[in-house]
Amino acid sequence: MTDLHDGLPPLNPTSPPPPRLPRGFVFGAATSAYQIEGGANADGKSDSIWDVFCRLPGAVAGGDSGEVACDHYHRLDDDLATMSALGLDAYRFSIAWPRVMPDGRTLNPNGLDFYERLVDGLLEREIDPWPTLYHWDLPQTLQDEGGWADRGIVERFSDYAAAVDDRLGDRIHRYTTFNEPWVAAFLGHAAGVHAPGHQNPSEAIAAGHHMLLAHGTAVARLRARATAPELGITLNLSVIDPLTPVDEPAARLIDGQMNRFFLDPLFNGAYPEDVREALSPWWPDGLVRAGDLDLISARLDFFGANYYRGEVVSFTPPDADDTIRPATDRPPATPYPASRGIHFHTVLPERTALGWVVQPEGLERLLRRLSDDYTARRGTPIYVTENGAAYHDGVVAGRVHDAARVRFIDAHLRAVAAAVDGGVDVRGYFYWSLLDNFEWDWGYGQRFGIVHVDYETQKRTIKDSGLHYARVIAEHRAT
Ligand code: IFM
């Protein structure tokens, strides 16, 4: 393994030692297929809904697309070497359904060859593979049949999950079924800023339920197999605070539509009453059938929480317009169907390049809440499967001095450590992202990586944050 620390000065000789996390705590980094792979038509891959969405005029900033992205598909060995140099314990990636089944149904063995090389390469380097089965790149052929709004997708997803496990189940011991179903359902089908770009709240609710049902159906199917993988799901979650005490109902309403819409069915086997009531004007008749919630609430072996920022809401508009700017001029709709009269505020001064507040205490609070309200009584361990920040980084004399990201990582790891000290069973942290990459509707303008990517030359440069993270991992291992 390359020793990254050779010849490099310590980054912050005066900074406090990294937070103490339990022995065996997993340090990883995350990516997703469409955001890094490129190889859009390689070896039989078909279009995903994102390939098609990116072609819509004005859908993505700068007219960018994931066609080439970080060209990871053709640079796998180099990227594996980088992961190894960083000393990652685990690598969280996603599998592209349209690579594995270009028409959504029929297996393309060539597509699986790539993931086999990736998984074998990780195992050779003693990096644990953490695959996600769905990170938003539905085969367009399935979208043409109704996509996530149509219940037929559930069987298709479970067949796809089984096909992946047929080939890789002897080496993959854990799957995350879905990444951030709220984003895929509500940004994709209500706000219209993500693929497939629809603005129809009923479709968004149907998509959300069908993703949960596809998760539950795939869990039942994979659990019954001899490979016996560990199974979990990842949600994007936030802390939603009221601006003043009278705004408490506004906070509860947004919390319901973002967090509890997914958490309650998964852990309590029911949609929350207040959310059902608030969404009743759009809730499709006959959507939830007998047995659905039993499947959805089946035991999980782990739970993934993605946390980036908190939200502050009120019934009164902010003095200045501090709503987060959309990526393009296309008019977005709200992702929260029941949010009339509710306003979002930015009260904390520190923000990332995307305008997202930097709020590490929110992560500790979120982890405590998850444990208290959902995971502890079922004994489900939590992993922070994404946390990260976008800044406008550049390479100067071969280095990227991203001090703000170093502070961001440090503060959030301290928040995790505080939650662990408070008794929350958190077993790992994955920084988003390993590489700068295609940030969806924002295109390539927002850089989240601990490794800089020059998109002209595809040269990778480990940023100061990557060096810092490598040191944290090495020190943790040494103690
Ligand atoms: O880039 C995304 C990722 O695909 C899912 N979680 C949030 C990240 C940053 O926006």
# chains A, B, ... in the order shown; residues from 1 in each chain; ligands from 1

$ select_by_dssp --residues "segment 139-359 of chain A" --states "strand (DSSP E or B)" --output "ChimeraX atom specification"
/A:139,174-179,230-236,240-242,302-306,311-314,343-345,351,357

$ write_last_selection --atoms "N, CA, C and O atoms" --output "CSV table (one decimal), in the first residue's frame"
chain,number,residue,atom,x,y,z
A,139,PRO,N,-33.4,2.2,-15.2
A,139,PRO,CA,-33.3,2.1,-16.7
A,139,PRO,C,-34.5,2.8,-17.3
A,139,PRO,O,-35.6,2.7,-16.8
A,174,ARG,N,-23.1,-7.7,2.2
A,174,ARG,CA,-24.1,-6.7,2.7
A,174,ARG,C,-24.6,-5.9,1.5
A,174,ARG,O,-23.8,-5.6,0.6
A,175,TYR,N,-25.8,-5.6,1.5
A,175,TYR,CA,-26.4,-4.7,0.5
A,175,TYR,C,-27.2,-3.6,1.2
A,175,TYR,O,-28.0,-3.8,2.1
A,176,THR,N,-27.1,-2.4,0.7
A,176,THR,CA,-28.0,-1.3,0.9
A,176,THR,C,-29.0,-1.3,-0.2
A,176,THR,O,-28.6,-1.3,-1.4
A,177,THR,N,-30.3,-1.4,0.1
A,177,THR,CA,-31.2,-1.5,-1.1
A,177,THR,C,-31.3,-0.2,-1.8
A,177,THR,O,-31.1,-0.1,-3.0
A,178,PHE,N,-31.7,0.9,-1.0
A,178,PHE,CA,-31.9,2.2,-1.6
A,178,PHE,C,-31.1,3.2,-1.0
A,178,PHE,O,-30.9,3.2,0.2
A,179,ASN,N,-30.7,4.2,-1.8
A,179,ASN,CA,-30.1,5.4,-1.2
A,179,ASN,C,-31.1,6.6,-1.4
A,179,ASN,O,-31.6,6.9,-2.5
A,230,GLU,N,-26.2,-9.3,4.9
A,230,GLU,CA,-26.8,-8.3,5.8
A,230,GLU,C,-27.5,-7.3,4.9
A,230,GLU,O,-27.0,-6.9,3.9
A,231,LEU,N,-28.6,-6.8,5.4
A,231,LEU,CA,-29.4,-5.9,4.6
A,231,LEU,C,-29.8,-4.6,5.3
A,231,LEU,O,-30.1,-4.7,6.5
A,232,GLY,N,-29.8,-3.5,4.6
A,232,GLY,CA,-30.2,-2.3,5.2
A,232,GLY,C,-30.6,-1.3,4.1
A,232,GLY,O,-30.7,-1.6,2.9
A,233,ILE,N,-31.0,-0.1,4.6
A,233,ILE,CA,-31.4,1.0,3.7
A,233,ILE,C,-30.8,2.3,4.2
A,233,ILE,O,-30.5,2.4,5.4
A,234,THR,N,-30.6,3.2,3.3
A,234,THR,CA,-30.1,4.5,3.7
A,234,THR,C,-31.1,5.6,3.4
A,234,THR,O,-31.6,5.7,2.2
A,235,LEU,N,-31.4,6.5,4.4
A,235,LEU,CA,-32.3,7.6,4.2
A,235,LEU,C,-31.5,8.9,4.3
A,235,LEU,O,-30.5,8.9,5.1
A,236,ASN,N,-31.9,9.9,3.6
A,236,ASN,CA,-31.4,11.3,3.9
A,236,ASN,C,-32.3,11.9,5.0
A,236,ASN,O,-33.5,11.9,4.8
A,240,ILE,N,-35.2,19.3,11.8
A,240,ILE,CA,-36.0,20.4,11.3
A,240,ILE,C,-36.4,21.2,12.6
A,240,ILE,O,-37.2,20.7,13.4
A,241,ASP,N,-35.9,22.4,12.7
A,241,ASP,CA,-36.2,23.2,13.9
A,241,ASP,C,-37.2,24.3,13.5
A,241,ASP,O,-37.1,24.9,12.5
A,242,PRO,N,-38.1,24.6,14.5
A,242,PRO,CA,-39.0,25.8,14.3
A,242,PRO,C,-38.2,27.1,14.6
A,242,PRO,O,-37.3,27.1,15.5
A,302,PHE,N,-28.7,-3.3,9.4
A,302,PHE,CA,-28.1,-2.0,9.7
A,302,PHE,C,-29.0,-0.9,9.1
A,302,PHE,O,-29.8,-1.2,8.2
A,303,PHE,N,-28.8,0.3,9.6
A,303,PHE,CA,-29.5,1.4,9.1
A,303,PHE,C,-28.6,2.5,8.7
A,303,PHE,O,-27.6,2.8,9.5
A,304,GLY,N,-28.7,3.1,7.5
A,304,GLY,CA,-27.8,4.1,7.0
A,304,GLY,C,-28.5,5.5,7.1
A,304,GLY,O,-29.6,5.7,6.6
A,305,ALA,N,-27.8,6.4,7.7
A,305,ALA,CA,-28.3,7.8,7.8
A,305,ALA,C,-27.3,8.7,7.1
A,305,ALA,O,-26.1,8.7,7.3
A,306,ASN,N,-27.9,9.5,6.1
A,306,ASN,CA,-27.1,10.5,5.4
A,306,ASN,C,-27.5,11.9,6.0
A,306,ASN,O,-28.7,12.2,6.1
A,311,GLU,N,-32.5,22.2,9.0
A,311,GLU,CA,-33.4,23.1,8.4
A,311,GLU,C,-34.1,23.9,9.5
A,311,GLU,O,-34.4,23.3,10.5
A,312,VAL,N,-34.4,25.2,9.3
A,312,VAL,CA,-35.2,26.0,10.2
A,312,VAL,C,-36.4,26.5,9.4
A,312,VAL,O,-36.3,27.0,8.3
A,313,VAL,N,-37.6,26.3,10.0
A,313,VAL,CA,-38.8,26.7,9.3
A,313,VAL,C,-39.7,27.5,10.1
A,313,VAL,O,-39.6,27.5,11.4
A,314,SER,N,-40.6,28.2,9.5
A,314,SER,CA,-41.6,29.1,10.2
A,314,SER,C,-42.8,29.4,9.3
A,314,SER,O,-42.8,29.1,8.1
A,343,HIS,N,-42.1,28.6,5.5
A,343,HIS,CA,-40.9,29.2,4.9
A,343,HIS,C,-39.6,28.6,5.5
A,343,HIS,O,-39.6,28.2,6.7
A,344,PHE,N,-38.6,28.5,4.7
A,344,PHE,CA,-37.3,28.0,5.1
A,344,PHE,C,-36.4,29.1,5.4
A,344,PHE,O,-36.3,30.1,4.6
A,345,HIS,N,-35.6,29.0,6.5
A,345,HIS,CA,-34.7,30.1,6.9
A,345,HIS,C,-33.3,29.6,7.1
A,345,HIS,O,-33.1,28.4,7.4
A,351,ARG,N,-21.7,28.5,5.8
A,351,ARG,CA,-22.4,27.7,4.8
A,351,ARG,C,-21.4,27.2,3.8
A,351,ARG,O,-20.3,27.7,3.7
A,357,VAL,N,-26.2,25.1,5.4
A,357,VAL,CA,-25.6,25.5,6.7
A,357,VAL,C,-24.7,24.4,7.2
A,357,VAL,O,-24.9,23.2,6.9

$ residues_around --residues "Ser84 of chain A" --least-positions-apart "5" --cutoff "12 Å" --atoms "only C-alpha atoms" --output "PyMOL selection string"
chain A and resi 1-4+28-29+77-79+89-91+121-128+434+466+470+473-474

$ write_last_selection --atoms "N, CA and C atoms" --output "PDB file, in the first residue's frame"
ATOM      1  N   MET A   1       0.845  -1.207   0.000  1.00  0.00           N
ATOM      2  CA  MET A   1       0.000   0.000   0.000  1.00  0.00           C
ATOM      3  C   MET A   1       0.880   1.257   0.000  1.00  0.00           C
ATOM      4  N   THR A   2       0.538   2.228  -0.815  1.00  0.00           N
ATOM      5  CA  THR A   2       1.279   3.488  -0.832  1.00  0.00           C
ATOM      6  C   THR A   2       1.160   4.135   0.542  1.00  0.00           C
ATOM      7  N   ASP A   3       2.278   4.641   1.073  1.00  0.00           N
ATOM      8  CA  ASP A   3       2.152   5.360   2.334  1.00  0.00           C
ATOM      9  C   ASP A   3       2.029   6.847   2.033  1.00  0.00           C
ATOM     10  N   LEU A   4       0.800   7.318   2.171  1.00  0.00           N
ATOM     11  CA  LEU A   4       0.489   8.697   1.849  1.00  0.00           C
ATOM     12  C   LEU A   4       1.254   9.692   2.684  1.00  0.00           C
ATOM     13  N   GLY A  28     -15.116   5.045   5.994  1.00  0.00           N
ATOM     14  CA  GLY A  28     -15.229   4.795   4.561  1.00  0.00           C
ATOM     15  C   GLY A  28     -15.424   6.074   3.777  1.00  0.00           C
ATOM     16  N   ALA A  29     -15.584   5.894   2.486  1.00  0.00           N
ATOM     17  CA  ALA A  29     -15.960   7.001   1.604  1.00  0.00           C
ATOM     18  C   ALA A  29     -16.989   6.454   0.628  1.00  0.00           C
ATOM     19  N   ASP A  77      -8.593   0.792 -11.697  1.00  0.00           N
ATOM     20  CA  ASP A  77      -7.402   0.398 -10.936  1.00  0.00           C
ATOM     21  C   ASP A  77      -6.774   1.586 -10.225  1.00  0.00           C
ATOM     22  N   ASP A  78      -6.725   2.723 -10.929  1.00  0.00           N
ATOM     23  CA  ASP A  78      -6.149   3.921 -10.294  1.00  0.00           C
ATOM     24  C   ASP A  78      -6.990   4.340  -9.090  1.00  0.00           C
ATOM     25  N   ASP A  79      -8.297   4.283  -9.252  1.00  0.00           N
ATOM     26  CA  ASP A  79      -9.160   4.723  -8.144  1.00  0.00           C
ATOM     27  C   ASP A  79      -9.072   3.751  -6.964  1.00  0.00           C
ATOM     28  N   ASP A  89     -11.400   1.729   5.305  1.00  0.00           N
ATOM     29  CA  ASP A  89     -11.859   0.407   5.750  1.00  0.00           C
ATOM     30  C   ASP A  89     -12.916  -0.132   4.791  1.00  0.00           C
ATOM     31  N   ALA A  90     -13.706   0.783   4.234  1.00  0.00           N
ATOM     32  CA  ALA A  90     -14.854   0.351   3.428  1.00  0.00           C
ATOM     33  C   ALA A  90     -15.101   1.379   2.326  1.00  0.00           C
ATOM     34  N   TYR A  91     -15.688   0.903   1.229  1.00  0.00           N
ATOM     35  CA  TYR A  91     -16.024   1.771   0.109  1.00  0.00           C
ATOM     36  C   TYR A  91     -17.478   1.546  -0.240  1.00  0.00           C
ATOM     37  N   GLY A 121     -11.216  -6.184  -6.564  1.00  0.00           N
ATOM     38  CA  GLY A 121     -10.142  -5.220  -6.314  1.00  0.00           C
ATOM     39  C   GLY A 121     -10.205  -4.680  -4.891  1.00  0.00           C
ATOM     40  N   LEU A 122     -11.402  -4.451  -4.398  1.00  0.00           N
ATOM     41  CA  LEU A 122     -11.546  -3.969  -3.018  1.00  0.00           C
ATOM     42  C   LEU A 122     -11.090  -5.048  -2.040  1.00  0.00           C
ATOM     43  N   LEU A 123     -11.561  -6.263  -2.267  1.00  0.00           N
ATOM     44  CA  LEU A 123     -11.224  -7.345  -1.331  1.00  0.00           C
ATOM     45  C   LEU A 123      -9.711  -7.594  -1.301  1.00  0.00           C
ATOM     46  N   GLU A 124      -9.092  -7.539  -2.489  1.00  0.00           N
ATOM     47  CA  GLU A 124      -7.620  -7.709  -2.527  1.00  0.00           C
ATOM     48  C   GLU A 124      -6.921  -6.668  -1.661  1.00  0.00           C
ATOM     49  N   ARG A 125      -7.504  -5.490  -1.587  1.00  0.00           N
ATOM     50  CA  ARG A 125      -6.895  -4.393  -0.820  1.00  0.00           C
ATOM     51  C   ARG A 125      -7.449  -4.303   0.601  1.00  0.00           C
ATOM     52  N   GLU A 126      -8.212  -5.300   0.988  1.00  0.00           N
ATOM     53  CA  GLU A 126      -8.815  -5.357   2.335  1.00  0.00           C
ATOM     54  C   GLU A 126      -9.707  -4.154   2.598  1.00  0.00           C
ATOM     55  N   ILE A 127     -10.435  -3.756   1.566  1.00  0.00           N
ATOM     56  CA  ILE A 127     -11.445  -2.694   1.717  1.00  0.00           C
ATOM     57  C   ILE A 127     -12.800  -3.375   1.569  1.00  0.00           C
ATOM     58  N   ASP A 128     -13.657  -3.130   2.549  1.00  0.00           N
ATOM     59  CA  ASP A 128     -14.934  -3.830   2.573  1.00  0.00           C
ATOM     60  C   ASP A 128     -15.902  -3.218   1.547  1.00  0.00           C
ATOM     61  N   LEU A 434     -15.787  10.287  -2.125  1.00  0.00           N
ATOM     62  CA  LEU A 434     -14.386   9.969  -2.400  1.00  0.00           C
ATOM     63  C   LEU A 434     -13.829  10.955  -3.442  1.00  0.00           C
ATOM     64  N   GLY A 466      -8.416  14.870   2.283  1.00  0.00           N
ATOM     65  CA  GLY A 466      -8.143  13.444   2.111  1.00  0.00           C
ATOM     66  C   GLY A 466      -6.952  13.020   2.950  1.00  0.00           C
ATOM     67  N   ALA A 470      -7.091  10.425   5.972  1.00  0.00           N
ATOM     68  CA  ALA A 470      -6.177   9.275   6.011  1.00  0.00           C
ATOM     69  C   ALA A 470      -5.466   9.211   7.357  1.00  0.00           C
ATOM     70  N   ILE A 473      -7.826   7.966  10.062  1.00  0.00           N
ATOM     71  CA  ILE A 473      -8.017   6.512   9.962  1.00  0.00           C
ATOM     72  C   ILE A 473      -6.781   5.786  10.509  1.00  0.00           C
ATOM     73  N   ALA A 474      -5.627   6.259  10.088  1.00  0.00           N
ATOM     74  CA  ALA A 474      -4.388   5.593  10.524  1.00  0.00           C
ATOM     75  C   ALA A 474      -4.239   5.680  12.047  1.00  0.00           C
TER      76      ALA A 474
END

$ residues_near_ligand --ligand "ligand 1" --cutoff "8 Å" --atoms "only C-alpha atoms and all ligand atoms" --output "list in words"
Thr31, Ser32, Gln35, His135, Asn179, Glu180, Asn236, Asn306, Tyr308, Glu386, Asn387, Gly388, Ala389, Trp432, Ser433, Asn437, Phe438, Glu439, Trp440 and Phe448 of chain A

$ atom_distance --atom1 "atom CA of Ala224 of chain A" --atom2 "atom CA of Ser158 of chain A"
12.5 Å

$ select_by_dssp --residues "segment 101-209 of chain A" --states "alpha helix (DSSP H)" --output "compact mmCIF listing (two decimals) with N, CA and C atoms, in the first residue's frame"
# COMPACT_ATOMS: atom_id res chain seq x y z
N PRO A 109 -24.38 -9.88 -18.68
CA PRO A 109 -23.24 -10.31 -17.86
C PRO A 109 -22.05 -9.36 -17.94
N ASN A 110 -21.87 -8.69 -19.10
CA ASN A 110 -20.74 -7.74 -19.24
C ASN A 110 -20.84 -6.61 -18.21
N GLY A 111 -22.05 -6.20 -17.92
CA GLY A 111 -22.24 -5.11 -16.96
C GLY A 111 -21.80 -5.56 -15.57
N LEU A 112 -22.10 -6.80 -15.25
CA LEU A 112 -21.69 -7.30 -13.93
C LEU A 112 -20.19 -7.53 -13.84
N ASP A 113 -19.54 -7.74 -15.00
CA ASP A 113 -18.07 -7.93 -14.98
C ASP A 113 -17.40 -6.76 -14.29
N PHE A 114 -17.89 -5.55 -14.59
CA PHE A 114 -17.27 -4.36 -14.00
C PHE A 114 -17.36 -4.40 -12.47
N TYR A 115 -18.53 -4.74 -11.96
CA TYR A 115 -18.69 -4.75 -10.50
C TYR A 115 -17.92 -5.90 -9.86
N GLU A 116 -17.77 -6.98 -10.63
CA GLU A 116 -16.95 -8.08 -10.13
C GLU A 116 -15.49 -7.63 -9.99
N ARG A 117 -14.99 -6.89 -10.97
CA ARG A 117 -13.60 -6.38 -10.89
C ARG A 117 -13.46 -5.41 -9.73
N LEU A 118 -14.49 -4.59 -9.56
CA LEU A 118 -14.46 -3.62 -8.46
C LEU A 118 -14.44 -4.35 -7.10
N VAL A 119 -15.34 -5.29 -6.94
CA VAL A 119 -15.43 -5.99 -5.65
C VAL A 119 -14.15 -6.79 -5.40
N ASP A 120 -13.67 -7.48 -6.41
CA ASP A 120 -12.43 -8.26 -6.22
C ASP A 120 -11.26 -7.33 -5.89
N GLY A 121 -11.22 -6.18 -6.56
CA GLY A 121 -10.14 -5.22 -6.31
C GLY A 121 -10.20 -4.68 -4.89
N LEU A 122 -11.40 -4.45 -4.40
CA LEU A 122 -11.55 -3.97 -3.02
C LEU A 122 -11.09 -5.05 -2.04
N LEU A 123 -11.56 -6.26 -2.27
CA LEU A 123 -11.22 -7.34 -1.33
C LEU A 123 -9.71 -7.59 -1.30
N GLU A 124 -9.09 -7.54 -2.49
CA GLU A 124 -7.62 -7.71 -2.53
C GLU A 124 -6.92 -6.67 -1.66
N GLN A 140 -34.23 3.58 -18.33
CA GLN A 140 -35.28 4.40 -18.95
C GLN A 140 -36.43 3.52 -19.46
N THR A 141 -36.09 2.29 -19.90
CA THR A 141 -37.16 1.40 -20.40
C THR A 141 -38.20 1.15 -19.32
N LEU A 142 -37.76 1.08 -18.06
CA LEU A 142 -38.74 0.87 -16.97
C LEU A 142 -39.49 2.16 -16.67
N GLN A 143 -38.84 3.29 -16.85
CA GLN A 143 -39.57 4.57 -16.69
C GLN A 143 -40.68 4.64 -17.74
N ASP A 144 -40.38 4.16 -18.93
CA ASP A 144 -41.38 4.21 -20.00
C ASP A 144 -42.60 3.34 -19.66
N ILE A 153 -42.97 -2.14 -10.75
CA ILE A 153 -41.53 -1.95 -10.58
C ILE A 153 -40.98 -2.79 -9.42
N VAL A 154 -41.86 -3.11 -8.47
CA VAL A 154 -41.39 -3.79 -7.26
C VAL A 154 -40.78 -5.15 -7.60
N GLU A 155 -41.46 -5.93 -8.45
CA GLU A 155 -40.94 -7.24 -8.85
C GLU A 155 -39.68 -7.10 -9.68
N ARG A 156 -39.67 -6.07 -10.54
CA ARG A 156 -38.48 -5.85 -11.38
C ARG A 156 -37.26 -5.62 -10.48
N PHE A 157 -37.44 -4.80 -9.44
CA PHE A 157 -36.31 -4.48 -8.56
C PHE A 157 -35.82 -5.73 -7.83
N SER A 158 -36.78 -6.53 -7.38
CA SER A 158 -36.36 -7.71 -6.63
C SER A 158 -35.64 -8.72 -7.53
N ASP A 159 -36.05 -8.82 -8.80
CA ASP A 159 -35.33 -9.69 -9.76
C ASP A 159 -33.91 -9.17 -9.99
N TYR A 160 -33.80 -7.85 -10.09
CA TYR A 160 -32.48 -7.24 -10.30
C TYR A 160 -31.57 -7.51 -9.10
N ALA A 161 -32.12 -7.34 -7.89
CA ALA A 161 -31.32 -7.58 -6.68
C ALA A 161 -30.84 -9.04 -6.65
N ALA A 162 -31.74 -9.96 -7.01
CA ALA A 162 -31.37 -11.38 -6.99
C ALA A 162 -30.28 -11.67 -8.03
N ALA A 163 -30.38 -11.00 -9.20
CA ALA A 163 -29.37 -11.24 -10.26
C ALA A 163 -27.99 -10.75 -9.82
N VAL A 164 -27.95 -9.63 -9.11
CA VAL A 164 -26.66 -9.14 -8.60
C VAL A 164 -26.11 -10.15 -7.60
N ASP A 165 -26.98 -10.62 -6.72
CA ASP A 165 -26.51 -11.55 -5.69
C ASP A 165 -26.09 -12.90 -6.29
N ASP A 166 -26.75 -13.32 -7.37
CA ASP A 166 -26.36 -14.57 -8.04
C ASP A 166 -24.88 -14.53 -8.41
N ARG A 167 -24.45 -13.38 -8.89
CA ARG A 167 -23.08 -13.28 -9.40
C ARG A 167 -22.08 -12.89 -8.29
N LEU A 168 -22.51 -12.01 -7.38
CA LEU A 168 -21.52 -11.44 -6.45
C LEU A 168 -21.74 -11.85 -5.00
N PRO A 181 -34.45 7.41 -0.68
CA PRO A 181 -35.69 7.34 -1.47
C PRO A 181 -36.47 8.66 -1.47
N TRP A 182 -36.32 9.49 -0.42
CA TRP A 182 -37.02 10.79 -0.43
C TRP A 182 -36.60 11.62 -1.63
N PRO A 201 -47.41 15.53 -7.16
CA PRO A 201 -47.27 15.01 -5.79
C PRO A 201 -47.82 13.59 -5.61
N SER A 202 -48.88 13.24 -6.33
CA SER A 202 -49.44 11.88 -6.17
C SER A 202 -48.42 10.84 -6.66
N GLU A 203 -47.77 11.16 -7.77
CA GLU A 203 -46.73 10.25 -8.28
C GLU A 203 -45.59 10.13 -7.28
N ALA A 204 -45.26 11.25 -6.64
CA ALA A 204 -44.14 11.23 -5.68
C ALA A 204 -44.48 10.31 -4.51
N ILE A 205 -45.70 10.42 -4.02
CA ILE A 205 -46.11 9.57 -2.89
C ILE A 205 -46.10 8.10 -3.32
N ALA A 206 -46.64 7.84 -4.52
CA ALA A 206 -46.65 6.45 -5.02
C ALA A 206 -45.21 5.94 -5.18
N ALA A 207 -44.34 6.79 -5.72
CA ALA A 207 -42.95 6.38 -5.91
C ALA A 207 -42.31 6.06 -4.56
N GLY A 208 -42.56 6.90 -3.57
CA GLY A 208 -41.99 6.67 -2.24
C GLY A 208 -42.46 5.34 -1.68
N HIS A 209 -43.77 5.07 -1.78
CA HIS A 209 -44.29 3.80 -1.25
C HIS A 209 -43.71 2.62 -2.03

$ residues_around --residues "Glu37 of chain A" --least-positions-apart "2" --cutoff "12 Å" --atoms "only C-alpha atoms" --output "ChimeraX atom specification"
/A:31-35,39-42,45,65-76,79,93-96,99,114-115,118,137,435-438

$ write_last_selection --atoms "C-alpha atoms" --output "JSON list (two decimals), in the first residue's frame"
[["chain", "number", "residue", "atom", "x", "y", "z"],
["A", 31, "THR", "CA", -19.80, 7.48, -4.39],
["A", 32, "SER", "CA", -22.58, 6.47, -6.76],
["A", 33, "ALA", "CA", -22.54, 4.94, -10.22],
["A", 34, "TYR", "CA", -24.03, 7.73, -12.33],
["A", 35, "GLN", "CA", -21.98, 10.39, -10.57],
["A", 39, "GLY", "CA", -18.98, 4.67, -19.73],
["A", 40, "ALA", "CA", -22.56, 5.69, -20.53],
["A", 41, "ASN", "CA", -22.95, 3.18, -23.35],
["A", 42, "ALA", "CA", -20.06, 0.85, -22.57],
["A", 45, "LYS", "CA", -25.30, -0.30, -20.83],
["A", 65, "SER", "CA", -24.26, 15.04, -17.79],
["A", 66, "GLY", "CA", -22.75, 11.88, -16.34],
["A", 67, "GLU", "CA", -21.74, 10.59, -19.77],
["A", 68, "VAL", "CA", -18.02, 10.73, -18.90],
["A", 69, "ALA", "CA", -18.08, 11.93, -15.27],
["A", 70, "CYS", "CA", -14.86, 10.77, -13.54],
["A", 71, "ASP", "CA", -14.41, 8.00, -16.13],
["A", 72, "HIS", "CA", -14.17, 5.63, -13.18],
["A", 73, "TYR", "CA", -15.40, 2.81, -15.43],
["A", 74, "HIS", "CA", -12.09, 2.97, -17.31],
["A", 75, "ARG", "CA", -9.88, 4.09, -14.41],
["A", 76, "LEU", "CA", -10.91, 1.56, -11.84],
["A", 79, "ASP", "CA", -9.16, 4.72, -8.14],
["A", 93, "PHE", "CA", -20.62, 2.54, -4.19],
["A", 94, "SER", "CA", -23.76, 1.87, -6.19],
["A", 95, "ILE", "CA", -24.54, -0.59, -8.93],
["A", 96, "ALA", "CA", -26.08, 0.78, -12.12],
["A", 99, "ARG", "CA", -25.55, -1.69, -16.84],
["A", 114, "PHE", "CA", -17.27, -4.36, -14.00],
["A", 115, "TYR", "CA", -18.69, -4.75, -10.50],
["A", 118, "LEU", "CA", -14.46, -3.62, -8.46],
["A", 137, "ASP", "CA", -30.42, 5.55, -12.13],
["A", 435, "LEU", "CA", -14.08, 11.93, -5.68],
["A", 436, "ASP", "CA", -15.39, 15.25, -6.94],
["A", 437, "ASN", "CA", -18.22, 14.20, -9.22],
["A", 438, "PHE", "CA", -21.44, 14.95, -11.08]]

$ closest_residue --among "A:Ile342, A:Met83, A:Leu300, A:Leu348" --to "Gly362 of chain A" --atoms "only C-alpha atoms"
A:Leu348

$ residues_around --residues "segment 268-282 of chain A" --least-positions-apart "5" --cutoff "10 Å" --atoms "only C-alpha atoms" --output "count of residues only"
33

$ closest_atom_pairs --of "segment 258-371 of chain A" --to "segment 408-431 of chain A" --cutoff "9 Å" --atoms "only C-alpha atoms" --output "JSON lines"
{"residue": "A:Val358", "atom": "CA", "partner": "A:Phe408", "partner_atom": "CA", "distance": 7.6}
{"residue": "A:Gln359", "atom": "CA", "partner": "A:His412", "partner_atom": "CA", "distance": 8.5}
{"residue": "A:Pro360", "atom": "CA", "partner": "A:His412", "partner_atom": "CA", "distance": 5.1}
{"residue": "A:Glu361", "atom": "CA", "partner": "A:Ala415", "partner_atom": "CA", "distance": 6.1}
{"residue": "A:Gly362", "atom": "CA", "partner": "A:Ala415", "partner_atom": "CA", "distance": 8.2}
{"residue": "A:Leu363", "atom": "CA", "partner": "A:Ala415", "partner_atom": "CA", "distance": 6.2}
{"residue": "A:Glu364", "atom": "CA", "partner": "A:Ala415", "partner_atom": "CA", "distance": 4.9}
{"residue": "A:Arg365", "atom": "CA", "partner": "A:Ala419", "partner_atom": "CA", "distance": 7.7}
{"residue": "A:Leu367", "atom": "CA", "partner": "A:Ala419", "partner_atom": "CA", "distance": 6.4}
{"residue": "A:Arg368", "atom": "CA", "partner": "A:Val424", "partner_atom": "CA", "distance": 6.3}
{"residue": "A:Leu370", "atom": "CA", "partner": "A:Val424", "partner_atom": "CA", "distance": 8.7}
{"residue": "A:Ser371", "atom": "CA", "partner": "A:Val424", "partner_atom": "CA", "distance": 6.1}

$ closest_residue --among "A:Ala85, A:Leu287, A:Leu187, A:Ala61" --to "Ala333 of chain A" --atoms "only C-alpha atoms"
A:Leu187

$ closest_residue --among "A:Arg221, A:Pro19, A:Trp356, A:Gly87" --to "Ser238 of chain A" --atoms "only C-alpha atoms"
A:Trp356

$ residues_around --residues "Gly341 of chain A" --least-positions-apart "6" --cutoff "10 Å" --atoms "only C-alpha atoms" --output "NGL selection string"
:A and (250 or 314-317)

$ closest_residue --among "A:Tyr469, A:Tyr455, A:Trp50, A:Trp97" --to "Gly197 of chain A" --atoms "only C-alpha atoms"
A:Trp50

$ closest_residue --among "A:His215, A:Asp454, A:Asp51, A:Leu237" --to "Arg369 of chain A" --atoms "only C-alpha atoms"
A:Leu237

$ atom_distance --atom1 "atom CA of Ala353 of chain A" --atom2 "atom CA of Gln446 of chain A"
7.2 Å

$ decode --residues "segment 312-320 of chain A" --atoms "C-alpha atoms" --output "compact mmCIF listing (two decimals), in the first residue's frame"
# COMPACT_ATOMS: atom_id res chain seq x y z
CA VAL A 312 -35.21 25.97 10.19
CA VAL A 313 -38.83 26.65 9.26
CA SER A 314 -41.56 29.09 10.20
CA PHE A 315 -44.97 30.39 9.22
CA THR A 316 -43.46 33.81 8.58
CA PRO A 317 -41.33 34.68 5.55
CA PRO A 318 -37.65 35.49 6.12
CA ASP A 319 -36.64 39.20 6.07
CA ALA A 320 -34.19 38.65 3.26
